[in-house]
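**Q** Handing over run.txt, compact mmCIF, C-alpha atoms and all ligand atoms.
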```txt
# COMPACT_ATOMS: atom_id res chain seq x y z
CA MET A 1 -19.90 -12.74 -16.72
CA ARG A 2 -23.02 -13.92 -14.93
CA THR A 3 -22.39 -11.49 -12.08
CA LEU A 4 -22.11 -8.39 -14.26
CA ALA A 5 -25.70 -7.24 -13.88
CA PHE A 6 -25.33 -7.61 -10.15
CA VAL A 7 -22.13 -5.57 -10.20
CA LEU A 8 -23.62 -2.82 -12.33
CA GLY A 9 -26.69 -2.80 -10.11
CA GLY A 10 -24.64 -1.12 -7.38
CA VAL A 11 -21.48 -1.96 -5.61
CA GLY A 12 -22.25 -2.98 -2.05
CA ALA A 13 -20.22 -5.49 -0.10
CA GLY A 14 -21.65 -8.36 -2.16
CA GLY A 15 -20.95 -6.54 -5.39
CA LEU A 16 -17.35 -6.03 -4.40
CA ALA A 17 -16.95 -9.72 -3.62
CA ALA A 18 -18.28 -10.41 -7.10
CA LEU A 19 -15.82 -7.92 -8.57
CA LEU A 20 -12.94 -9.44 -6.71
CA ALA A 21 -13.93 -12.79 -8.18
CA LEU A 22 -14.28 -11.27 -11.66
CA GLY A 23 -11.12 -9.27 -11.81
CA SER A 24 -8.63 -11.36 -9.87
CA PRO A 25 -6.20 -13.72 -11.46
CA MET A 26 -4.18 -13.43 -8.24
CA PRO A 27 -4.16 -16.25 -5.70
CA GLN A 28 -3.76 -13.72 -2.88
CA ALA A 29 -7.38 -12.76 -3.30
CA GLN A 30 -8.42 -16.16 -2.01
CA GLN A 31 -6.30 -15.98 1.14
CA ALA A 32 -8.21 -15.85 4.36
CA GLN A 33 -7.32 -12.72 6.29
CA PRO A 34 -8.92 -10.70 9.02
CA VAL A 35 -10.89 -7.82 7.58
CA ALA A 36 -10.55 -4.17 8.54
CA ASP A 37 -13.17 -2.47 10.70
CA SER A 38 -16.21 -1.29 8.89
CA ILE A 39 -15.33 2.15 7.59
CA ALA A 40 -17.48 4.47 5.54
CA ALA A 41 -15.01 6.59 3.61
CA PRO A 42 -16.16 10.23 3.80
CA ALA A 43 -16.84 12.47 0.83
CA ILE A 44 -13.91 14.87 0.47
CA SER A 45 -14.25 18.19 -1.29
CA ASP A 46 -11.03 19.88 -0.21
CA THR A 47 -8.22 17.56 -1.32
CA GLY A 48 -5.65 20.37 -0.93
CA SER A 49 -5.68 20.06 2.86
CA LEU A 50 -4.92 16.31 2.95
CA LYS A 51 -1.62 15.15 4.40
CA GLY A 52 0.95 13.47 2.16
CA PRO A 53 2.06 14.15 -1.39
CA ARG A 54 -0.62 14.73 -4.00
CA GLN A 55 -0.81 11.81 -6.44
CA PRO A 56 -1.49 12.01 -10.20
CA LEU A 57 -4.97 10.72 -9.53
CA PHE A 58 -6.98 10.53 -6.32
CA PHE A 59 -6.60 6.85 -5.43
CA ARG A 60 -8.11 6.35 -1.98
CA HIS A 61 -6.90 3.62 0.39
CA ASP A 62 -9.80 4.45 2.73
CA ILE A 63 -12.24 3.42 -0.02
CA HIS A 64 -10.41 0.35 -1.34
CA ALA A 65 -8.69 -1.10 1.75
CA GLY A 66 -11.06 0.49 4.29
CA GLN A 67 -14.65 0.63 3.08
CA PHE A 68 -14.35 -2.30 0.66
CA LYS A 69 -11.86 -4.26 2.78
CA MET A 70 -9.52 -5.19 -0.05
CA GLN A 71 -6.42 -6.93 1.27
CA CYS A 72 -3.16 -5.01 1.06
CA GLN A 73 -1.58 -7.99 -0.72
CA TYR A 74 -4.14 -7.86 -3.52
CA CYS A 75 -2.23 -4.82 -4.79
CA HIS A 76 1.11 -4.99 -2.92
CA TYR A 77 1.50 -8.50 -4.27
CA SER A 78 5.16 -9.20 -3.47
CA VAL A 79 5.34 -7.90 0.10
CA GLU A 80 5.73 -11.39 1.60
CA ALA A 81 8.23 -12.60 -0.98
CA SER A 82 10.55 -9.74 -1.83
CA SER A 83 12.18 -6.55 -0.52
CA GLU A 84 9.84 -4.52 -2.68
CA PRO A 85 6.15 -4.76 -1.78
CA GLY A 86 5.05 -4.14 -5.38
CA ILE A 87 2.83 -1.37 -6.76
CA PRO A 88 -0.19 -2.57 -8.77
CA THR A 89 -0.27 -2.07 -12.51
CA THR A 90 -3.07 -0.20 -14.23
CA GLN A 91 -4.34 -3.57 -15.40
CA THR A 92 -5.02 -4.60 -11.77
CA CYS A 93 -7.13 -1.46 -11.33
CA MET A 94 -8.98 -2.04 -14.61
CA GLY A 95 -10.09 -5.48 -13.41
CA CYS A 96 -12.75 -3.47 -11.59
CA HIS A 97 -12.76 -0.08 -13.27
CA LEU A 98 -13.75 -1.39 -16.68
CA VAL A 99 -17.15 -1.69 -14.99
CA VAL A 100 -16.92 0.64 -11.96
CA ALA A 101 -17.20 4.18 -13.34
CA GLY A 102 -17.85 6.04 -10.08
CA SER A 103 -21.00 7.11 -8.25
CA ASP A 104 -20.55 10.88 -8.23
CA SER A 105 -18.92 13.53 -10.39
CA SER A 106 -15.59 13.67 -8.54
CA SER A 107 -15.10 9.88 -8.50
CA ARG A 108 -16.09 9.73 -12.20
CA LEU A 109 -13.51 12.41 -12.95
CA GLU A 110 -10.71 10.53 -11.13
CA ILE A 111 -11.66 7.13 -12.56
CA GLY A 112 -11.75 8.87 -15.94
CA LYS A 113 -8.04 9.71 -15.51
CA LEU A 114 -7.34 6.03 -14.77
CA ARG A 115 -9.24 4.89 -17.87
CA GLN A 116 -7.44 7.46 -20.00
CA ALA A 117 -4.02 6.21 -18.79
CA TRP A 118 -5.18 2.67 -19.62
CA ASN A 119 -6.39 3.62 -23.09
CA GLU A 120 -3.19 5.51 -23.83
CA LYS A 121 -1.09 2.67 -22.35
CA LYS A 122 0.68 5.17 -20.08
CA PRO A 123 1.83 3.98 -16.66
CA ILE A 124 0.64 6.14 -13.77
CA GLU A 125 3.56 7.99 -12.19
CA TRP A 126 2.76 7.55 -8.49
CA VAL A 127 4.69 9.82 -6.15
CA ARG A 128 6.65 7.73 -3.69
CA VAL A 129 6.01 8.43 0.00
CA HIS A 130 8.56 6.22 1.84
CA PHE A 131 11.99 6.16 0.29
CA LEU A 132 15.29 5.20 1.90
CA ALA A 133 18.64 6.58 0.78
CA ARG A 134 20.58 4.22 -1.49
CA HIS A 135 22.99 3.16 1.24
CA ALA A 136 20.23 1.60 3.37
CA HIS A 137 18.30 -1.57 2.58
CA PHE A 138 14.93 -2.63 3.83
CA PRO A 139 13.66 -6.16 3.13
CA HIS A 140 9.84 -6.24 3.43
CA GLN A 141 9.61 -10.01 3.26
CA ARG A 142 11.79 -10.55 6.34
CA HIS A 143 9.60 -8.24 8.39
CA ILE A 144 6.31 -9.71 7.19
CA LYS A 145 7.54 -13.23 7.93
CA ALA A 146 8.55 -12.24 11.45
CA MET A 147 5.70 -9.83 12.23
CA GLY A 148 2.79 -11.24 10.18
CA PRO A 149 0.85 -10.04 7.13
CA ASN A 150 -0.97 -7.34 9.10
CA ALA A 151 2.20 -5.68 10.41
CA CYS A 152 1.99 -2.86 7.87
CA SER A 153 0.46 -0.44 10.38
CA THR A 154 3.44 -0.81 12.74
CA CYS A 155 5.48 1.24 10.29
CA HIS A 156 2.94 2.81 7.91
CA GLY A 157 0.13 3.68 10.31
CA ASP A 158 -3.55 2.99 9.60
CA VAL A 159 -3.38 3.21 5.81
CA ALA A 160 -6.89 1.74 5.48
CA ARG A 161 -8.24 5.02 6.86
CA MET A 162 -6.10 7.32 4.74
CA PRO A 163 -7.67 9.11 1.76
CA GLN A 164 -4.10 9.98 0.71
CA VAL A 165 -1.01 8.15 2.01
CA PHE A 166 1.33 10.09 4.27
CA LYS A 167 4.32 9.20 6.40
CA VAL A 168 3.40 8.33 9.98
CA ASN A 169 6.94 7.31 10.99
CA ASN A 170 10.17 8.86 9.82
CA VAL A 171 11.67 5.75 8.24
CA ASN A 172 14.67 7.85 7.16
CA ASN A 173 15.74 8.16 10.75
CA MET A 174 18.02 5.21 11.58
CA GLY A 175 16.82 5.32 15.20
CA PHE A 176 13.38 4.17 14.03
CA CYS A 177 14.90 0.92 12.76
CA ILE A 178 17.39 0.42 15.57
CA SER A 179 14.97 0.90 18.45
CA CYS A 180 12.74 -1.91 17.23
CA HIS A 181 15.70 -4.14 16.43
CA VAL A 182 16.95 -3.64 19.99
CA GLU A 183 13.51 -4.38 21.40
CA ARG A 184 13.13 -7.56 19.35
CA LYS A 185 16.75 -8.67 19.63
CA VAL A 186 17.39 -8.44 15.90
CA SER A 187 20.87 -7.79 14.51
CA ARG A 188 22.24 -4.24 14.65
CA ASP A 189 25.35 -4.92 12.59
CA CYS A 190 25.93 -2.00 10.26
CA THR A 191 26.34 -4.37 7.33
CA VAL A 192 22.86 -5.86 7.80
CA CYS A 193 21.30 -2.60 6.59
CA HIS A 194 24.20 -0.89 4.84
CA TYR A 195 25.93 -2.70 2.01
C1 LIG B 201 -6.47 -1.41 -4.92
C2 LIG B 201 -5.03 -1.47 -4.72
C3 LIG B 201 -4.42 -1.21 -3.37
C4 LIG B 201 -4.75 -1.76 -2.15
C5 LIG B 201 -5.87 -2.75 -1.83
C6 LIG B 201 -3.81 -1.24 -1.19
N1 LIG B 201 -2.94 -0.38 -1.81
FE1 LIG B 201 -1.40 0.61 -0.97
N2 LIG B 201 -1.04 1.58 -2.72
C7 LIG B 201 -1.70 1.36 -3.92
C8 LIG B 201 -1.23 2.32 -4.90
C9 LIG B 201 -1.72 2.44 -6.34
C10 LIG B 201 -0.24 3.10 -4.28
C11 LIG B 201 0.55 4.27 -4.87
C12 LIG B 201 -0.27 5.53 -4.80
C13 LIG B 201 -0.46 6.06 -3.41
O1 LIG B 201 0.53 6.28 -2.70
O2 LIG B 201 -1.63 6.23 -3.01
C14 LIG B 201 -0.14 2.62 -2.90
C15 LIG B 201 0.70 3.15 -1.95
C16 LIG B 201 0.86 2.63 -0.66
C17 LIG B 201 1.82 3.11 0.31
C18 LIG B 201 2.78 4.25 0.11
C19 LIG B 201 3.96 3.73 -0.66
C20 LIG B 201 5.07 4.74 -0.76
O3 LIG B 201 5.15 5.38 -1.80
O4 LIG B 201 5.83 4.88 0.18
C21 LIG B 201 1.67 2.36 1.44
C22 LIG B 201 2.47 2.48 2.72
C23 LIG B 201 0.60 1.43 1.18
N3 LIG B 201 0.14 1.61 -0.10
C24 LIG B 201 0.14 0.52 2.10
C25 LIG B 201 -1.01 -0.23 1.92
C26 LIG B 201 -1.60 -1.01 2.98
C27 LIG B 201 -1.06 -1.13 4.39
C28 LIG B 201 -2.73 -1.59 2.45
C29 LIG B 201 -3.75 -2.45 3.16
C30 LIG B 201 -4.32 -1.89 4.37
C31 LIG B 201 -2.81 -1.17 1.06
N4 LIG B 201 -1.76 -0.34 0.79
C32 LIG B 201 -3.80 -1.56 0.16
C33 LIG B 201 -2.67 0.42 -4.14
C34 LIG B 201 -3.28 -0.34 -3.15
C1 LIG B 202 -11.83 -4.87 -6.46
C2 LIG B 202 -12.30 -3.76 -7.26
C3 LIG B 202 -11.42 -2.52 -7.39
C4 LIG B 202 -10.08 -2.45 -7.73
C5 LIG B 202 -9.12 -3.59 -8.02
C6 LIG B 202 -9.75 -1.05 -7.79
N1 LIG B 202 -10.86 -0.29 -7.48
FE1 LIG B 202 -10.94 1.72 -7.48
N2 LIG B 202 -12.85 1.66 -6.77
C7 LIG B 202 -13.59 0.51 -6.62
C8 LIG B 202 -14.91 0.85 -6.10
C9 LIG B 202 -16.04 -0.12 -5.81
C10 LIG B 202 -14.92 2.26 -5.96
C11 LIG B 202 -16.06 3.17 -5.47
C12 LIG B 202 -16.74 3.73 -6.68
C13 LIG B 202 -17.85 4.69 -6.29
O1 LIG B 202 -18.81 4.23 -5.69
O2 LIG B 202 -17.73 5.87 -6.58
C14 LIG B 202 -13.62 2.73 -6.41
C15 LIG B 202 -13.25 4.07 -6.47
C16 LIG B 202 -12.12 4.55 -7.11
C17 LIG B 202 -11.82 5.93 -7.39
C18 LIG B 202 -12.71 7.12 -7.05
C19 LIG B 202 -12.38 7.62 -5.68
C20 LIG B 202 -13.19 8.82 -5.30
O3 LIG B 202 -12.69 9.94 -5.42
O4 LIG B 202 -14.34 8.64 -4.88
C21 LIG B 202 -10.60 5.96 -8.02
C22 LIG B 202 -9.86 7.18 -8.54
C23 LIG B 202 -10.12 4.60 -8.09
N3 LIG B 202 -11.08 3.78 -7.54
C24 LIG B 202 -8.90 4.24 -8.63
C25 LIG B 202 -8.38 2.94 -8.59
C26 LIG B 202 -7.02 2.61 -8.92
C27 LIG B 202 -5.96 3.59 -9.38
C28 LIG B 202 -6.90 1.26 -8.75
C29 LIG B 202 -5.66 0.42 -8.92
C30 LIG B 202 -4.49 0.82 -8.15
C31 LIG B 202 -8.19 0.76 -8.31
N4 LIG B 202 -9.05 1.81 -8.20
C32 LIG B 202 -8.49 -0.56 -8.07
C33 LIG B 202 -13.18 -0.78 -6.89
C34 LIG B 202 -11.89 -1.16 -7.24
C1 LIG B 203 9.19 -2.57 9.73
C2 LIG B 203 8.61 -1.48 8.98
C3 LIG B 203 7.71 -1.77 7.79
C4 LIG B 203 6.69 -2.68 7.71
C5 LIG B 203 6.19 -3.65 8.78
C6 LIG B 203 6.11 -2.53 6.39
N1 LIG B 203 6.78 -1.57 5.70
FE1 LIG B 203 6.38 -0.91 3.82
N2 LIG B 203 8.01 0.31 3.86
C7 LIG B 203 8.87 0.43 4.93
C8 LIG B 203 10.04 1.20 4.52
C9 LIG B 203 11.23 1.53 5.38
C10 LIG B 203 9.83 1.55 3.16
C11 LIG B 203 10.80 2.29 2.24
C12 LIG B 203 11.69 1.22 1.62
C13 LIG B 203 12.74 1.69 0.67
O1 LIG B 203 12.78 2.85 0.26
O2 LIG B 203 13.55 0.83 0.24
C14 LIG B 203 8.54 0.99 2.78
C15 LIG B 203 7.95 1.15 1.54
C16 LIG B 203 6.70 0.63 1.20
C17 LIG B 203 6.01 0.86 -0.06
C18 LIG B 203 6.54 1.68 -1.23
C19 LIG B 203 7.16 0.78 -2.23
C20 LIG B 203 7.34 1.37 -3.61
O3 LIG B 203 7.88 0.64 -4.47
O4 LIG B 203 6.92 2.49 -3.87
C21 LIG B 203 4.82 0.18 -0.01
C22 LIG B 203 3.76 0.09 -1.08
C23 LIG B 203 4.76 -0.49 1.27
N3 LIG B 203 5.92 -0.19 1.98
C24 LIG B 203 3.74 -1.30 1.67
C25 LIG B 203 3.74 -2.09 2.82
C26 LIG B 203 2.72 -3.07 3.14
C27 LIG B 203 1.49 -3.38 2.31
C28 LIG B 203 3.08 -3.64 4.34
C29 LIG B 203 2.39 -4.75 5.11
C30 LIG B 203 2.07 -5.98 4.38
C31 LIG B 203 4.33 -2.99 4.75
N4 LIG B 203 4.70 -2.08 3.80
C32 LIG B 203 5.03 -3.26 5.94
C33 LIG B 203 8.68 -0.09 6.18
C34 LIG B 203 7.76 -1.07 6.52
C1 LIG B 204 8.74 -2.70 14.46
C2 LIG B 204 9.96 -3.44 14.41
C3 LIG B 204 10.95 -3.21 13.31
C4 LIG B 204 11.28 -2.03 12.68
C5 LIG B 204 10.69 -0.64 12.92
C6 LIG B 204 12.32 -2.34 11.75
N1 LIG B 204 12.62 -3.67 11.79
FE1 LIG B 204 14.03 -4.66 10.65
N2 LIG B 204 13.52 -6.41 11.52
C7 LIG B 204 12.55 -6.57 12.49
C8 LIG B 204 12.46 -7.97 12.83
C9 LIG B 204 11.52 -8.59 13.85
C10 LIG B 204 13.42 -8.65 12.03
C11 LIG B 204 13.80 -10.13 12.09
C12 LIG B 204 13.28 -10.87 10.92
C13 LIG B 204 13.81 -12.28 10.95
O1 LIG B 204 13.96 -12.83 12.04
O2 LIG B 204 14.07 -12.78 9.88
C14 LIG B 204 14.05 -7.62 11.20
C15 LIG B 204 15.05 -7.89 10.28
C16 LIG B 204 15.67 -6.95 9.48
C17 LIG B 204 16.72 -7.22 8.54
C18 LIG B 204 17.34 -8.58 8.26
C19 LIG B 204 18.31 -8.85 9.37
C20 LIG B 204 19.17 -10.05 9.15
O3 LIG B 204 19.65 -10.59 10.16
O4 LIG B 204 19.37 -10.45 7.99
C21 LIG B 204 17.07 -6.02 7.97
C22 LIG B 204 18.13 -5.77 6.92
C23 LIG B 204 16.23 -5.02 8.57
N3 LIG B 204 15.40 -5.60 9.49
C24 LIG B 204 16.28 -3.66 8.23
C25 LIG B 204 15.45 -2.69 8.79
C26 LIG B 204 15.50 -1.28 8.43
C27 LIG B 204 16.41 -0.67 7.41
C28 LIG B 204 14.54 -0.67 9.18
C29 LIG B 204 14.16 0.80 9.20
C30 LIG B 204 13.87 1.44 7.93
C31 LIG B 204 13.92 -1.67 9.99
N4 LIG B 204 14.50 -2.89 9.76
C32 LIG B 204 12.90 -1.40 10.90
C33 LIG B 204 11.81 -5.60 13.08
C34 LIG B 204 11.82 -4.24 12.74
C1 LIG B 205 18.40 -1.76 11.17
C2 LIG B 205 19.01 -1.08 10.08
C3 LIG B 205 20.25 -0.25 10.29
C4 LIG B 205 21.37 -0.60 11.00
C5 LIG B 205 21.63 -1.86 11.78
C6 LIG B 205 22.29 0.50 10.85
N1 LIG B 205 21.72 1.48 10.09
FE1 LIG B 205 22.61 3.25 9.58
N2 LIG B 205 20.87 3.86 8.67
C7 LIG B 205 19.75 3.07 8.52
C8 LIG B 205 18.73 3.87 7.87
C9 LIG B 205 17.34 3.40 7.52
C10 LIG B 205 19.30 5.13 7.63
C11 LIG B 205 18.60 6.33 6.97
C12 LIG B 205 18.70 6.23 5.46
C13 LIG B 205 18.00 7.38 4.81
O1 LIG B 205 18.46 8.52 4.97
O2 LIG B 205 17.00 7.17 4.12
C14 LIG B 205 20.65 5.10 8.12
C15 LIG B 205 21.56 6.16 8.05
C16 LIG B 205 22.88 6.05 8.39
C17 LIG B 205 23.87 7.08 8.14
C18 LIG B 205 23.61 8.41 7.52
C19 LIG B 205 23.29 9.31 8.66
C20 LIG B 205 22.41 10.41 8.32
O3 LIG B 205 22.11 11.15 9.27
O4 LIG B 205 21.99 10.55 7.17
C21 LIG B 205 25.07 6.61 8.62
C22 LIG B 205 26.42 7.32 8.61
C23 LIG B 205 24.81 5.29 9.18
N3 LIG B 205 23.48 4.98 9.01
C24 LIG B 205 25.77 4.49 9.76
C25 LIG B 205 25.53 3.30 10.42
C26 LIG B 205 26.51 2.58 11.21
C27 LIG B 205 27.96 2.99 11.41
C28 LIG B 205 25.89 1.46 11.70
C29 LIG B 205 26.44 0.40 12.63
C30 LIG B 205 26.89 0.90 13.92
C31 LIG B 205 24.50 1.51 11.20
N4 LIG B 205 24.33 2.64 10.44
C32 LIG B 205 23.55 0.54 11.44
C33 LIG B 205 19.58 1.78 8.96
C34 LIG B 205 20.48 1.07 9.74
```
Could I get this file's structure written as structure tokens?
**A**
Amino acid sequence: MRTLAFVLGGVGAGGLAALLALGSPMPQAQQAQPVADSIAAPAISDTGSLKGPRQPLFFRHDIHAGQFKMQCQYCHYSVEASSEPGIPTTQTCMGCHLVVAGSDSSSRLEIGKLRQAWNEKKPIEWVRVHFLARHAHFPHQRHIKAMGPNACSTCHGDVARMPQVFKVNNVNNMGFCISCHVERKVSRDCTVCHY
């Protein structure tokens, strides 16, 4: 834990790199990937006016994936290998939040909720944003293989700038899928998506 003092001294870009090294058993963290634009996530006082469903705690993609440039795959670990992209466990969060307590009262309050869930061994019940009906199937891995690891924004929009995730495209409209499949000459057989 040689880097701990450095980490506690303030979390700038270097501090985050140290944290990623500290708290990452995952090989994805070592992958070379283009980084997002430099984004300073704004302070937000009125969370009620944000788009998208309210989550049990205020986890901000614009801070983690935007400002601190964490790779999507660090948390959505199975997106290249399986249909389901994967949602990180509380343990993944605690790799950093055992030491990162928050720099102001609102972040300390939200990180406090995370630490409480961890201490009580309760999973966090995230509210799902994109959800297809049971009769339709969407394989993430096939799309990431064909479109590359940074294709997320094609369907999900610029998540790295979202304080709270919302739906940019109506994925529940079959036309959304079909129009791209037509464009890219991918199969439109009913049984490819419905089985
Ligand atoms: C530090 C971990 C972490 C990182 C990094 C991260 N995410 Fe997430 N992501 C989460 C968590 C936790 C949720 C569930 C809570 C929520 O919706 O905010 C989530 C939810 C989502 C959702 C909504 C899922 C649904 O319910 O439909 C999308 C889309 C998403 N992430 C895309 C991305 C993309 C794209 C990136 C990279 C630019 C990224 N995430 C980086 C942790 C992360
Ligand atoms: C690689 C390190 C790292 C990981 C992993 C991580 N975080 Fe963070 N998180 C940070 C840093 C750094 C901040 C900014 C703290 C500050 O300065 O207030 C932060 C801020 C937060 C905040 C406060 C946001 C606000 O309102 O200002 C919450 C809540 C949070 N993280 C939850 C989570 C959750 C939930 C996960 C897991 C899905 C997670 N974090 C994973 C580093 C991390
Ligand atoms: C071609 C469109 C498309 C692309 C590209 C795409 N997604 Fe998705 N994503 C979807 C759809 C559709 C769903 C809903 C799937 C379902 O309900 O079965 C979804 C759901 C999700 C979820 C919610 C999963 C859950 O268990 O709650 C996350 C997280 C997510 N995507 C992350 C990502 C990340 C990260 C990337 C890029 C590496 C990405 N997606 C690329 C269309 C896409
Ligand atoms: C932006 C473009 C794009 C969108 C939007 C899109 N897809 Fe695809 N999809 C692709 C590409 C490209 C492939 C081909 C992958 C390959 O060659 O393996 C593919 C392949 C697939 C496959 C595998 C096809 C096979 O032959 O086995 C399924 C299933 C699928 N998509 C379902 C969906 C569903 C469901 C949606 C909507 C929720 C969707 N796709 C939206 C581009 C897209
Ligand atoms: C590329 C993937 C894909 C292909 C190919 C596809 N569908 Fe769909 N279909 C979907 C998605 C995604 C939905 C929306 C599911 C939801 O409501 O979440 C859907 C919805 C539907 C619905 C429900 C309509 C509604 O309004 O709720 C029917 C019926 C349907 N599809 C029939 C078909 C038939 C018939 C074919 C072949 C001619 C076909 N689909 C081909 C992805 C596909």
**Q** What gap, in Å, lies between atom CA of Val100 of chain A and atom C15 of ligand LIG 201 (chain B)?
**A**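 Spanning atom CA of Val100 of chain A to atom C15 of ligand LIG 201 (chain B) is a straight-line distance of 20.4 Å.
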**Q** Neighbouring residues of ligand LIG 204 (chain B) are defined here as those with any atom at most 7 Å from a ligand atom, counting all atoms listed in the file; list them as a PyMOL selection string.
**A** chain A and resi 136-139+142-143+145-147+154-155+171-172+174+176-178+180-181+184+186-187+192-193
**Q** Write the residues you've just listed into a file as a PDB file, in the coordinates of the input, and include C-alpha atoms for each of them.
**A**
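Written file, again-v8.pdb:
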```
ATOM      1  CA  ALA A 136      20.230   1.600   3.370  1.00  0.00           C
ATOM      2  CA  HIS A 137      18.300  -1.570   2.580  1.00  0.00           C
ATOM      3  CA  PHE A 138      14.930  -2.630   3.830  1.00  0.00           C
ATOM      4  CA  PRO A 139      13.660  -6.160   3.130  1.00  0.00           C
ATOM      5  CA  ARG A 142      11.790 -10.550   6.340  1.00  0.00           C
ATOM      6  CA  HIS A 143       9.600  -8.240   8.390  1.00  0.00           C
ATOM      7  CA  LYS A 145       7.540 -13.230   7.930  1.00  0.00           C
ATOM      8  CA  ALA A 146       8.550 -12.240  11.450  1.00  0.00           C
ATOM      9  CA  MET A 147       5.700  -9.830  12.230  1.00  0.00           C
ATOM     10  CA  THR A 154       3.440  -0.810  12.740  1.00  0.00           C
ATOM     11  CA  CYS A 155       5.480   1.240  10.290  1.00  0.00           C
ATOM     12  CA  VAL A 171      11.670   5.750   8.240  1.00  0.00           C
ATOM     13  CA  ASN A 172      14.670   7.850   7.160  1.00  0.00           C
ATOM     14  CA  MET A 174      18.020   5.210  11.580  1.00  0.00           C
ATOM     15  CA  PHE A 176      13.380   4.170  14.030  1.00  0.00           C
ATOM     16  CA  CYS A 177      14.900   0.920  12.760  1.00  0.00           C
ATOM     17  CA  ILE A 178      17.390   0.420  15.570  1.00  0.00           C
ATOM     18  CA  CYS A 180      12.740  -1.910  17.230  1.00  0.00           C
ATOM     19  CA  HIS A 181      15.700  -4.140  16.430  1.00  0.00           C
ATOM     20  CA  ARG A 184      13.130  -7.560  19.350  1.00  0.00           C
ATOM     21  CA  VAL A 186      17.390  -8.440  15.900  1.00  0.00           C
ATOM     22  CA  SER A 187      20.870  -7.790  14.510  1.00  0.00           C
ATOM     23  CA  VAL A 192      22.860  -5.860   7.800  1.00  0.00           C
ATOM     24  CA  CYS A 193      21.300  -2.600   6.590  1.00  0.00           C
TER      25      CYS A 193
END
```
**Q** Out of A:Pro56, A:Glu120, A:Gln141, A:Ala43, which residue has the shortest atom-to-atom distance to Gly86 of chain A when counting all atoms listed in the file?
**A**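 For Gly86 of chain A, the nearest of the candidates is A:Gln141.
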**Q** Show me which residues line ligand LIG 202 (chain B), defined as having an atom within 7 Å of a ligand atom where only C-alpha atoms and all ligand atoms count, and present them as a ChimeraX atom specification.
**A** /A:11,16,19-20,23,57-60,63-64,70,75,88-90,92-97,100-104,106-108,110-111,114
**Q** Looking at A:Ile144, A:Val168, A:Val159, A:Arg134, which one is nearest to ligand LIG 205 (chain B), with distances taken over only C-alpha atoms and all ligand atoms?
**A**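 Nearest to ligand LIG 205 (chain B): A:Arg134.
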**Q** Given all atoms listed in the file, how would the per-residue table for chain A near ligand LIG 201 (chain B) read, listing every residue at most 7 Å away with its closest atom pair and distance in Å to one decimal, sorted by chain and number, as JSON lines?
**A**
```
{"residue": "A:Gln55", "atom": "CA", "partner": "B:LIG201", "partner_atom": "C13", "distance": 6.5}
{"residue": "A:Phe59", "atom": "CA", "partner": "B:LIG201", "partner_atom": "O2", "distance": 5.6}
{"residue": "A:Arg60", "atom": "CA", "partner": "B:LIG201", "partner_atom": "O2", "distance": 6.6}
{"residue": "A:His61", "atom": "CA", "partner": "B:LIG201", "partner_atom": "C6", "distance": 6.0}
{"residue": "A:His64", "atom": "CA", "partner": "B:LIG201", "partner_atom": "C5", "distance": 5.5}
{"residue": "A:Ala65", "atom": "CA", "partner": "B:LIG201", "partner_atom": "C5", "distance": 4.8}
{"residue": "A:Met70", "atom": "CA", "partner": "B:LIG201", "partner_atom": "C5", "distance": 4.7}
{"residue": "A:Gln71", "atom": "CA", "partner": "B:LIG201", "partner_atom": "C5", "distance": 5.2}
{"residue": "A:Cys72", "atom": "CA", "partner": "B:LIG201", "partner_atom": "C29", "distance": 3.4}
{"residue": "A:Gln73", "atom": "CA", "partner": "B:LIG201", "partner_atom": "C32", "distance": 6.9}
{"residue": "A:Tyr74", "atom": "CA", "partner": "B:LIG201", "partner_atom": "C5", "distance": 5.7}
{"residue": "A:Cys75", "atom": "CA", "partner": "B:LIG201", "partner_atom": "C2", "distance": 4.4}
{"residue": "A:His76", "atom": "CA", "partner": "B:LIG201", "partner_atom": "N1", "distance": 6.2}
{"residue": "A:Ile87", "atom": "CA", "partner": "B:LIG201", "partner_atom": "C8", "distance": 5.8}
{"residue": "A:Pro88", "atom": "CA", "partner": "B:LIG201", "partner_atom": "C9", "distance": 5.8}
{"residue": "A:Cys93", "atom": "CA", "partner": "B:LIG201", "partner_atom": "C1", "distance": 6.4}
{"residue": "A:Trp126", "atom": "CA", "partner": "B:LIG201", "partner_atom": "C12", "distance": 5.2}
{"residue": "A:Val127", "atom": "CA", "partner": "B:LIG201", "partner_atom": "O3", "distance": 6.2}
{"residue": "A:Arg128", "atom": "CA", "partner": "B:LIG201", "partner_atom": "O3", "distance": 3.4}
{"residue": "A:Val129", "atom": "CA", "partner": "B:LIG201", "partner_atom": "O4", "distance": 3.6}
{"residue": "A:His130", "atom": "CA", "partner": "B:LIG201", "partner_atom": "O4", "distance": 3.5}
{"residue": "A:Phe131", "atom": "CA", "partner": "B:LIG201", "partner_atom": "O4", "distance": 6.3}
{"residue": "A:Cys152", "atom": "CA", "partner": "B:LIG201", "partner_atom": "C27", "distance": 4.9}
{"residue": "A:Ser153", "atom": "CA", "partner": "B:LIG201", "partner_atom": "C27", "distance": 6.2}
{"residue": "A:His156", "atom": "CA", "partner": "B:LIG201", "partner_atom": "C22", "distance": 5.2}
{"residue": "A:Val159", "atom": "CA", "partner": "B:LIG201", "partner_atom": "C27", "distance": 5.1}
{"residue": "A:Ala160", "atom": "CA", "partner": "B:LIG201", "partner_atom": "C30", "distance": 4.6}
{"residue": "A:Gln164", "atom": "CA", "partner": "B:LIG201", "partner_atom": "O2", "distance": 5.8}
{"residue": "A:Val165", "atom": "CA", "partner": "B:LIG201", "partner_atom": "O1", "distance": 5.3}
```
**Q** First collect every listed atom of ligand LIG 203 (chain B); then fit an axis-aligned box around them, widen it by 3 Å on each side, and give centre and edge lengths in Å to one decimal, as JSON.
**A**
```
{"center_x": 7.5, "center_y": -1.6, "center_z": 2.6, "size_x": 18.1, "size_y": 14.8, "size_z": 20.2}
```
